[in-house]
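Below is one structure, written out as structure tokens; the observations come after it.
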Amino acid sequence: MAYTCRITYLLGAMDNTVSPPPVVAVIFPAFDGTQRVESDTQQILVTFDIPQTPVDLGPLVKVEILSE
């Protein structure tokens, strides 16, 4: 089973010039670069094999679980 999470910023566009974006490792400490990551200026999608608990970066960074 795959667990996909969406990361969005409530203000401003995301910088997706680096893949994966550095914020993924900050939000998900277990991120090791082997997970699938898709990003654009609106969102980052990260897919894990096991459930993850994101770090709370405050109200301007939103993390949603899309599928379980």
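Ordering of the structure tokens sets the chain letters (A, B, ...); residue numbers start at 1 within each chain; ligands are numbered from 1 in the order shown.
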Write out as a CSV table (one decimal) with C-alpha atoms, in the first residue's frame each polymer residue whose atoms come within 10 Å of Thr17 in chain A, counting only C-alpha atoms; drop sequence neighbours fewer than 2 positions from it.
chain,number,residue,atom,x,y,z
A,14,MET,CA,7.2,26.7,-4.4
A,15,ASP,CA,10.7,26.5,-5.8
A,19,SER,CA,14.4,17.7,-7.1
A,20,PRO,CA,13.4,16.7,-4.5
A,21,PRO,CA,12.8,20.1,-2.9
A,39,SER,CA,6.6,18.8,-7.7
A,40,ASP,CA,5.6,21.9,-9.5
A,41,THR,CA,5.1,25.5,-8.3
Give me the residues near Ala13 in chain A as a PDB file with C-alpha atoms, in the first residue's frame, where near means some atom within 12 Å (using only C-alpha atoms) and where sequence neighbours in that chain fewer than 5 positions away do not count.
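What ended up in result.pdb:
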ATOM      1  CA  ILE A   7       2.601  19.651   0.569  1.00  0.00           C
ATOM      2  CA  THR A   8       1.340  23.123  -0.294  1.00  0.00           C
ATOM      3  CA  SER A  39       6.616  18.758  -7.703  1.00  0.00           C
ATOM      4  CA  ASP A  40       5.570  21.917  -9.456  1.00  0.00           C
ATOM      5  CA  THR A  41       5.092  25.510  -8.304  1.00  0.00           C
ATOM      6  CA  GLN A  42       1.749  24.656  -6.655  1.00  0.00           C
ATOM      7  CA  GLN A  43       2.420  21.428  -4.735  1.00  0.00           C
ATOM      8  CA  ILE A  44       4.769  18.597  -3.849  1.00  0.00           C
ATOM      9  CA  LEU A  60       1.679  28.478   6.131  1.00  0.00           C
ATOM     10  CA  VAL A  61       2.767  24.943   5.144  1.00  0.00           C
TER      11      VAL A  61
END
*Run DSSP on the backbone of this structure and report the residues of chain A it assigns to strand (DSSP E), as a VMD selection string.*
chain A and resid 3 to 9 36 to 39 44 to 48 61 to 67
Written file, previous selection with N, CA and C atoms, as a PDB file, in the first residue's frame:
ATOM      1  N   TYR A   3       1.294   5.476   0.511  1.00  0.00           N
ATOM      2  CA  TYR A   3       0.771   6.626   1.257  1.00  0.00           C
ATOM      3  C   TYR A   3       1.290   7.885   0.579  1.00  0.00           C
ATOM      4  N   THR A   4       0.401   8.632  -0.046  1.00  0.00           N
ATOM      5  CA  THR A   4       0.794   9.840  -0.756  1.00  0.00           C
ATOM      6  C   THR A   4       0.379  11.070   0.039  1.00  0.00           C
ATOM      7  N   CYS A   5       1.313  11.987   0.190  1.00  0.00           N
ATOM      8  CA  CYS A   5       1.067  13.235   0.912  1.00  0.00           C
ATOM      9  C   CYS A   5       1.290  14.410  -0.028  1.00  0.00           C
ATOM     10  N   ARG A   6       0.458  15.436   0.128  1.00  0.00           N
ATOM     11  CA  ARG A   6       0.590  16.657  -0.662  1.00  0.00           C
ATOM     12  C   ARG A   6       1.053  17.779   0.258  1.00  0.00           C
ATOM     13  N   ILE A   7       2.085  18.490  -0.160  1.00  0.00           N
ATOM     14  CA  ILE A   7       2.601  19.651   0.569  1.00  0.00           C
ATOM     15  C   ILE A   7       2.264  20.881  -0.263  1.00  0.00           C
ATOM     16  N   THR A   8       1.627  21.858   0.371  1.00  0.00           N
ATOM     17  CA  THR A   8       1.340  23.123  -0.294  1.00  0.00           C
ATOM     18  C   THR A   8       1.711  24.269   0.637  1.00  0.00           C
ATOM     19  N   TYR A   9       2.048  25.395   0.039  1.00  0.00           N
ATOM     20  CA  TYR A   9       2.300  26.622   0.786  1.00  0.00           C
ATOM     21  C   TYR A   9       1.061  27.488   0.652  1.00  0.00           C
ATOM     22  N   ARG A  36       9.077   8.324  -4.173  1.00  0.00           N
ATOM     23  CA  ARG A  36       8.676   9.057  -5.373  1.00  0.00           C
ATOM     24  C   ARG A  36       8.245  10.466  -4.975  1.00  0.00           C
ATOM     25  N   VAL A  37       8.775  11.458  -5.681  1.00  0.00           N
ATOM     26  CA  VAL A  37       8.435  12.862  -5.432  1.00  0.00           C
ATOM     27  C   VAL A  37       8.087  13.517  -6.768  1.00  0.00           C
ATOM     28  N   GLU A  38       6.948  14.188  -6.802  1.00  0.00           N
ATOM     29  CA  GLU A  38       6.544  14.984  -7.957  1.00  0.00           C
ATOM     30  C   GLU A  38       6.300  16.397  -7.455  1.00  0.00           C
ATOM     31  N   SER A  39       6.806  17.387  -8.183  1.00  0.00           N
ATOM     32  CA  SER A  39       6.616  18.758  -7.703  1.00  0.00           C
ATOM     33  C   SER A  39       6.417  19.716  -8.860  1.00  0.00           C
ATOM     34  N   ILE A  44       3.810  19.694  -3.834  1.00  0.00           N
ATOM     35  CA  ILE A  44       4.769  18.597  -3.849  1.00  0.00           C
ATOM     36  C   ILE A  44       4.000  17.353  -3.429  1.00  0.00           C
ATOM     37  N   LEU A  45       4.125  16.280  -4.201  1.00  0.00           N
ATOM     38  CA  LEU A  45       3.519  15.003  -3.852  1.00  0.00           C
ATOM     39  C   LEU A  45       4.634  14.033  -3.485  1.00  0.00           C
ATOM     40  N   VAL A  46       4.526  13.421  -2.319  1.00  0.00           N
ATOM     41  CA  VAL A  46       5.525  12.465  -1.839  1.00  0.00           C
ATOM     42  C   VAL A  46       4.807  11.164  -1.515  1.00  0.00           C
ATOM     43  N   THR A  47       5.340  10.047  -2.002  1.00  0.00           N
ATOM     44  CA  THR A  47       4.711   8.753  -1.766  1.00  0.00           C
ATOM     45  C   THR A  47       5.644   7.860  -0.956  1.00  0.00           C
ATOM     46  N   PHE A  48       5.122   7.372   0.171  1.00  0.00           N
ATOM     47  CA  PHE A  48       5.865   6.490   1.068  1.00  0.00           C
ATOM     48  C   PHE A  48       5.207   5.112   1.078  1.00  0.00           C
ATOM     49  N   VAL A  61       2.407  26.158   5.884  1.00  0.00           N
ATOM     50  CA  VAL A  61       2.767  24.943   5.144  1.00  0.00           C
ATOM     51  C   VAL A  61       1.722  23.883   5.491  1.00  0.00           C
ATOM     52  N   LYS A  62       0.987  23.446   4.480  1.00  0.00           N
ATOM     53  CA  LYS A  62      -0.091  22.487   4.680  1.00  0.00           C
ATOM     54  C   LYS A  62       0.341  21.110   4.141  1.00  0.00           C
ATOM     55  N   VAL A  63       0.151  20.068   4.957  1.00  0.00           N
ATOM     56  CA  VAL A  63       0.449  18.698   4.544  1.00  0.00           C
ATOM     57  C   VAL A  63      -0.837  17.890   4.663  1.00  0.00           C
ATOM     58  N   GLU A  64      -1.242  17.286   3.560  1.00  0.00           N
ATOM     59  CA  GLU A  64      -2.466  16.482   3.514  1.00  0.00           C
ATOM     60  C   GLU A  64      -2.133  15.062   3.086  1.00  0.00           C
ATOM     61  N   ILE A  65      -2.801  14.087   3.678  1.00  0.00           N
ATOM     62  CA  ILE A  65      -2.670  12.703   3.239  1.00  0.00           C
ATOM     63  C   ILE A  65      -3.741  12.478   2.184  1.00  0.00           C
ATOM     64  N   LEU A  66      -3.301  12.122   0.971  1.00  0.00           N
ATOM     65  CA  LEU A  66      -4.234  11.945  -0.146  1.00  0.00           C
ATOM     66  C   LEU A  66      -4.730  10.516  -0.273  1.00  0.00           C
ATOM     67  N   SER A  67      -3.846   9.552  -0.010  1.00  0.00           N
ATOM     68  CA  SER A  67      -4.254   8.159  -0.149  1.00  0.00           C
ATOM     69  C   SER A  67      -3.579   7.290   0.888  1.00  0.00           C
TER      70      SER A  67
END
*For CA of Leu11 in chain A and CA of Thr53 in chain A, quote the distance in Å rounded to one decimal.*
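Distance reported for this atom pair: 22.7 Å.
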*Tell me, in Å to one decimal, how far CA of Pro22 in chain A is from CA of Pro51 in chain A.*
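Going from CA of Pro22 in chain A over to CA of Pro51 in chain A, I get 20.0 Å.
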